[in-house]
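Everything on this sheet refers to the single structure shown next.
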Amino acid sequence: MSKLKLKKELSSLSKDEIIEVVARAYSARKEFRDYFEFFLNPDADKLYEKYRDAILREIGRGQRKSKARISEIKKLIKNFDSFDAGTEYGRNLRLFAIDNLIDRERYAWYSDTLINGTARLTLDLIDFADKNGLVDSTMKMIEKNIGDTSRGNKNFKKFILHAIERHTL
């Protein structure tokens, strides 16, 4: 069902019927419950911490060989964005994910999919920052992290830098 059809259907319902639909959705699905709880009590810091912890758990999967799934990390970021907690929170969550992927790569073997996914996530962050007027400060944060010799593998960071250079040309 499209959003337009949903709006049309909801407009034909009475106030009590809409309340019942929302209450049933709240009871039936965790995603709806999470959304409505944030809607009624918007605590962006708490939401950010919840998603940050989930991303950290995903990045930490596996010992010497990382079992992190870039698709799951992107899904978590997309779910976080659906709450509209604010663009700086969205930017910071993306930065957090990239920073921790860079840090973890120093100690665990990454598949090509995870390496390419990290570079793609960095490019997505730049696009997100550009669309939201945060590109200058975001680029400084990315460059600071990549330039930090105490964090991450040098070759992995070079790969990300080359992806950024190709992307901005």
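Residue numbering restarts at 1 for every chain of the structure tokens, chains are lettered A, B, ... in their displayed order, and ligands are numbered from 1 as they appear.
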
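Excluding segment 107-116 of chain A itself and same-chain residues fewer than 2 positions from it, the residues having an atom within 7 Å of it are A:Gln63, A:Arg64, A:Lys65, A:Ser66, A:Arg69, A:Ile70, A:Arg104, A:Glu105, A:Thr118, A:Ala119, A:Arg120, counting only C-alpha atoms.
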
request  = Please provide the set of residues having any atom within 12 Å of Asp127 of chain A, restricted to only C-alpha atoms, with same-chain residues fewer than 6 positions apart removed, written as a PyMOL selection string.
outcome  = chain A and resi 91+94+120-121+133-136+138-139+164+167-168

Skipping near chain neighbours, those fewer than 2 positions away, what residues fall within 9 Å of Thr87 of chain A using only C-alpha atoms, listed as a PDB file with N, CA, C and O atoms, in the first residue's frame?
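Heads up, here's the output in part_32.pdb:
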ATOM      1  N   ASP A  81      17.667   6.715  11.251  1.00  0.00           N
ATOM      2  CA  ASP A  81      17.225   7.887  10.492  1.00  0.00           C
ATOM      3  C   ASP A  81      15.700   8.000  10.456  1.00  0.00           C
ATOM      4  O   ASP A  81      15.165   9.113  10.394  1.00  0.00           O
ATOM      5  N   ASP A  84      13.966  10.464  12.819  1.00  0.00           N
ATOM      6  CA  ASP A  84      14.178  11.909  12.666  1.00  0.00           C
ATOM      7  C   ASP A  84      14.701  12.548  13.946  1.00  0.00           C
ATOM      8  O   ASP A  84      14.163  13.552  14.431  1.00  0.00           O
ATOM      9  N   ALA A  85      15.765  11.977  14.479  1.00  0.00           N
ATOM     10  CA  ALA A  85      16.356  12.483  15.721  1.00  0.00           C
ATOM     11  C   ALA A  85      17.174  13.744  15.488  1.00  0.00           C
ATOM     12  O   ALA A  85      17.509  14.444  16.435  1.00  0.00           O
ATOM     13  N   TYR A  89      22.841  13.993  14.783  1.00  0.00           N
ATOM     14  CA  TYR A  89      22.847  12.638  15.340  1.00  0.00           C
ATOM     15  C   TYR A  89      23.073  11.604  14.235  1.00  0.00           C
ATOM     16  O   TYR A  89      23.813  10.649  14.408  1.00  0.00           O
ATOM     17  N   GLY A  90      22.413  11.814  13.093  1.00  0.00           N
ATOM     18  CA  GLY A  90      22.597  10.902  11.963  1.00  0.00           C
ATOM     19  C   GLY A  90      24.035  10.910  11.463  1.00  0.00           C
ATOM     20  O   GLY A  90      24.619   9.869  11.186  1.00  0.00           O
ATOM     21  N   ARG A  91      24.600  12.106  11.372  1.00  0.00           N
ATOM     22  CA  ARG A  91      25.997  12.231  10.954  1.00  0.00           C
ATOM     23  C   ARG A  91      26.917  11.564  11.966  1.00  0.00           C
ATOM     24  O   ARG A  91      27.825  10.813  11.612  1.00  0.00           O
ATOM     25  N   ASN A  92      26.683  11.820  13.235  1.00  0.00           N
ATOM     26  CA  ASN A  92      27.546  11.267  14.280  1.00  0.00           C
ATOM     27  C   ASN A  92      27.463   9.750  14.361  1.00  0.00           C
ATOM     28  O   ASN A  92      28.466   9.089  14.633  1.00  0.00           O
ATOM     29  N   PHE A 128      25.500  12.474   2.728  1.00  0.00           N
ATOM     30  CA  PHE A 128      24.553  12.864   3.769  1.00  0.00           C
ATOM     31  C   PHE A 128      24.924  14.235   4.333  1.00  0.00           C
ATOM     32  O   PHE A 128      24.069  15.107   4.494  1.00  0.00           O
ATOM     33  N   ALA A 129      26.202  14.424   4.628  1.00  0.00           N
ATOM     34  CA  ALA A 129      26.666  15.695   5.187  1.00  0.00           C
ATOM     35  C   ALA A 129      26.466  16.828   4.190  1.00  0.00           C
ATOM     36  O   ALA A 129      26.067  17.936   4.565  1.00  0.00           O
ATOM     37  N   ASN A 132      22.949  18.013   4.027  1.00  0.00           N
ATOM     38  CA  ASN A 132      22.477  18.636   5.256  1.00  0.00           C
ATOM     39  C   ASN A 132      23.349  19.790   5.741  1.00  0.00           C
ATOM     40  O   ASN A 132      23.240  20.218   6.898  1.00  0.00           O
ATOM     41  N   LEU A 134      26.547  19.974   6.389  1.00  0.00           N
ATOM     42  CA  LEU A 134      27.547  19.622   7.404  1.00  0.00           C
ATOM     43  C   LEU A 134      28.842  19.097   6.790  1.00  0.00           C
ATOM     44  O   LEU A 134      29.651  18.487   7.477  1.00  0.00           O
TER      45      LEU A 134
END

task = Check segment 9-41 of chain A with DSSP on the backbone and list each residue it calls alpha helix (DSSP H), as a list in words.
result = Glu9, Leu10, Ser11, Lys15, Asp16, Glu17, Ile18, Ile19, Glu20, Val21, Val22, Ala23, Arg24, Ala25, Tyr26, Ser27, Ala28, Lys30, Glu31, Phe32, Arg33, Asp34, Tyr35, Phe36, Glu37, Phe38, Phe39 and Leu40 of chain A

Could you write out the selected residues, including N, CA, C and O atoms, as a JSON list (two decimals), in the first residue's frame?
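So the final result, stored in again.json, reads:
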[["chain", "number", "residue", "atom", "x", "y", "z"],
["A", 9, "GLU", "N", -7.19, 6.14, 3.35],
["A", 9, "GLU", "CA", -7.91, 5.18, 4.20],
["A", 9, "GLU", "C", -8.06, 5.72, 5.63],
["A", 9, "GLU", "O", -9.14, 5.63, 6.22],
["A", 10, "LEU", "N", -6.99, 6.28, 6.17],
["A", 10, "LEU", "CA", -7.04, 6.82, 7.53],
["A", 10, "LEU", "C", -7.98, 8.01, 7.63],
["A", 10, "LEU", "O", -8.64, 8.21, 8.66],
["A", 11, "SER", "N", -8.06, 8.82, 6.58],
["A", 11, "SER", "CA", -8.94, 9.99, 6.62],
["A", 11, "SER", "C", -10.41, 9.58, 6.65],
["A", 11, "SER", "O", -11.26, 10.37, 7.09],
["A", 15, "LYS", "N", -11.90, 9.26, 14.74],
["A", 15, "LYS", "CA", -10.79, 9.43, 15.68],
["A", 15, "LYS", "C", -10.59, 8.17, 16.52],
["A", 15, "LYS", "O", -9.46, 7.71, 16.70],
["A", 16, "ASP", "N", -11.67, 7.59, 17.01],
["A", 16, "ASP", "CA", -11.57, 6.37, 17.84],
["A", 16, "ASP", "C", -11.02, 5.19, 17.04],
["A", 16, "ASP", "O", -10.24, 4.39, 17.56],
["A", 17, "GLU", "N", -11.39, 5.09, 15.77],
["A", 17, "GLU", "CA", -10.88, 4.01, 14.93],
["A", 17, "GLU", "C", -9.38, 4.17, 14.67],
["A", 17, "GLU", "O", -8.64, 3.20, 14.69],
["A", 18, "ILE", "N", -8.95, 5.41, 14.48],
["A", 18, "ILE", "CA", -7.51, 5.67, 14.27],
["A", 18, "ILE", "C", -6.74, 5.33, 15.55],
["A", 18, "ILE", "O", -5.67, 4.71, 15.49],
["A", 19, "ILE", "N", -7.29, 5.71, 16.68],
["A", 19, "ILE", "CA", -6.64, 5.38, 17.96],
["A", 19, "ILE", "C", -6.51, 3.87, 18.10],
["A", 19, "ILE", "O", -5.47, 3.36, 18.53],
["A", 20, "GLU", "N", -7.54, 3.14, 17.73],
["A", 20, "GLU", "CA", -7.50, 1.67, 17.82],
["A", 20, "GLU", "C", -6.46, 1.08, 16.87],
["A", 20, "GLU", "O", -5.72, 0.16, 17.24],
["A", 21, "VAL", "N", -6.36, 1.61, 15.67],
["A", 21, "VAL", "CA", -5.36, 1.13, 14.71],
["A", 21, "VAL", "C", -3.95, 1.35, 15.25],
["A", 21, "VAL", "O", -3.10, 0.46, 15.22],
["A", 22, "VAL", "N", -3.70, 2.55, 15.79],
["A", 22, "VAL", "CA", -2.38, 2.87, 16.34],
["A", 22, "VAL", "C", -2.08, 1.98, 17.54],
["A", 22, "VAL", "O", -0.97, 1.45, 17.67],
["A", 23, "ALA", "N", -3.06, 1.78, 18.40],
["A", 23, "ALA", "CA", -2.86, 0.93, 19.59],
["A", 23, "ALA", "C", -2.56, -0.52, 19.19],
["A", 23, "ALA", "O", -1.69, -1.17, 19.79],
["A", 24, "ARG", "N", -3.25, -1.03, 18.18],
["A", 24, "ARG", "CA", -2.99, -2.40, 17.71],
["A", 24, "ARG", "C", -1.59, -2.50, 17.09],
["A", 24, "ARG", "O", -0.88, -3.48, 17.31],
["A", 25, "ALA", "N", -1.21, -1.50, 16.31],
["A", 25, "ALA", "CA", 0.13, -1.51, 15.70],
["A", 25, "ALA", "C", 1.19, -1.46, 16.80],
["A", 25, "ALA", "O", 2.19, -2.17, 16.74],
["A", 26, "TYR", "N", 0.96, -0.66, 17.82],
["A", 26, "TYR", "CA", 1.89, -0.54, 18.95],
["A", 26, "TYR", "C", 2.06, -1.89, 19.64],
["A", 26, "TYR", "O", 3.17, -2.29, 19.98],
["A", 27, "SER", "N", 0.97, -2.61, 19.83],
["A", 27, "SER", "CA", 1.02, -3.92, 20.51],
["A", 27, "SER", "C", 1.60, -5.00, 19.61],
["A", 27, "SER", "O", 2.24, -5.93, 20.11],
["A", 28, "ALA", "N", 1.38, -4.89, 18.32],
["A", 28, "ALA", "CA", 1.73, -5.98, 17.41],
["A", 28, "ALA", "C", 3.19, -6.00, 16.98],
["A", 28, "ALA", "O", 3.76, -7.08, 16.79],
["A", 30, "LYS", "N", 7.28, -4.53, 17.36],
["A", 30, "LYS", "CA", 8.29, -3.82, 18.14],
["A", 30, "LYS", "C", 8.72, -2.52, 17.45],
["A", 30, "LYS", "O", 8.95, -1.52, 18.10],
["A", 31, "GLU", "N", 8.81, -2.54, 16.12],
["A", 31, "GLU", "CA", 9.22, -1.35, 15.38],
["A", 31, "GLU", "C", 8.25, -0.19, 15.59],
["A", 31, "GLU", "O", 8.67, 0.95, 15.76],
["A", 32, "PHE", "N", 6.94, -0.51, 15.58],
["A", 32, "PHE", "CA", 5.94, 0.53, 15.83],
["A", 32, "PHE", "C", 6.05, 1.04, 17.26],
["A", 32, "PHE", "O", 5.95, 2.24, 17.51],
["A", 33, "ARG", "N", 6.23, 0.11, 18.21],
["A", 33, "ARG", "CA", 6.34, 0.48, 19.61],
["A", 33, "ARG", "C", 7.53, 1.42, 19.81],
["A", 33, "ARG", "O", 7.42, 2.46, 20.46],
["A", 34, "ASP", "N", 8.68, 1.06, 19.23],
["A", 34, "ASP", "CA", 9.87, 1.92, 19.34],
["A", 34, "ASP", "C", 9.61, 3.30, 18.75],
["A", 34, "ASP", "O", 9.98, 4.31, 19.34],
["A", 35, "TYR", "N", 8.96, 3.33, 17.59],
["A", 35, "TYR", "CA", 8.69, 4.60, 16.94],
["A", 35, "TYR", "C", 7.77, 5.47, 17.80],
["A", 35, "TYR", "O", 8.05, 6.65, 18.02],
["A", 36, "PHE", "N", 6.67, 4.90, 18.26],
["A", 36, "PHE", "CA", 5.72, 5.69, 19.05],
["A", 36, "PHE", "C", 6.29, 6.10, 20.39],
["A", 36, "PHE", "O", 5.99, 7.19, 20.88],
["A", 37, "GLU", "N", 7.11, 5.27, 21.00],
["A", 37, "GLU", "CA", 7.75, 5.66, 22.26],
["A", 37, "GLU", "C", 8.67, 6.86, 22.04],
["A", 37, "GLU", "O", 8.71, 7.77, 22.86],
["A", 38, "PHE", "N", 9.41, 6.84, 20.94],
["A", 38, "PHE", "CA", 10.26, 8.00, 20.63],
["A", 38, "PHE", "C", 9.41, 9.22, 20.28],
["A", 38, "PHE", "O", 9.71, 10.34, 20.68],
["A", 39, "PHE", "N", 8.33, 9.00, 19.56],
["A", 39, "PHE", "CA", 7.43, 10.09, 19.17],
["A", 39, "PHE", "C", 6.84, 10.77, 20.40],
["A", 39, "PHE", "O", 6.77, 11.99, 20.47],
["A", 40, "LEU", "N", 6.46, 9.96, 21.40],
["A", 40, "LEU", "CA", 5.83, 10.50, 22.60],
["A", 40, "LEU", "C", 6.84, 11.06, 23.60],
["A", 40, "LEU", "O", 6.52, 11.98, 24.35]]

inquiry  = Give me the residues near Lys157 of chain A as number ranges by chain, where near means some atom within 6 Å (using only C-alpha atoms) and where sequence neighbours in that chain fewer than 3 positions away do not count.
reply    = A: 146, 154, 160

For the residues selected in the previous step, produce a file with N, CA and C atoms as a PDB file, in the first residue's frame.
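Resulting contents of again.pdb:
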ATOM      1  N   ILE A 146      41.235   9.497   9.908  1.00  0.00           N
ATOM      2  CA  ILE A 146      42.089   8.761   8.972  1.00  0.00           C
ATOM      3  C   ILE A 146      43.550   9.144   9.166  1.00  0.00           C
ATOM      4  N   LYS A 154      47.042   1.343   8.131  1.00  0.00           N
ATOM      5  CA  LYS A 154      47.422   2.382   7.171  1.00  0.00           C
ATOM      6  C   LYS A 154      46.873   2.091   5.774  1.00  0.00           C
ATOM      7  N   ILE A 160      40.292   3.947   1.810  1.00  0.00           N
ATOM      8  CA  ILE A 160      39.153   4.841   2.038  1.00  0.00           C
ATOM      9  C   ILE A 160      39.447   6.227   1.462  1.00  0.00           C
TER      10      ILE A 160
END

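Atom to atom, atom CA of Ile98 of chain A and atom CA of Asp43 of chain A stand 23.6 Å apart.
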
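Taking atom CA of Ile102 of chain A as the reference point, atom CA of Ile59 of chain A is found at 10.0 Å.
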
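Distances here use only C-alpha atoms; by that measure, the residue among A:Asn155, A:Thr122, A:Asn145, A:Ser12 closest to Lys74 of chain A is A:Thr122.
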
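Proximity of A:Leu93, A:Asp103, A:Arg29, A:His162 to Glu49 of chain A, computed with only C-alpha atoms, is greatest for A:Leu93.
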
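Picture a line from atom CA of Ser137 of chain A to atom CA of Ala97 of chain A; it runs 17.0 Å.
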
ask   = For Gly60 of chain A, which residue among A:Leu76, A:Leu47, A:Glu88, A:Asn100 is the nearest when counting only C-alpha atoms?
value = A:Asn100

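Proximity to Lys144 of chain A was assessed for A:Leu161, A:Ala44, A:Leu101, A:Ile77 counting only C-alpha atoms; the smallest distance is recorded for A:Leu161.
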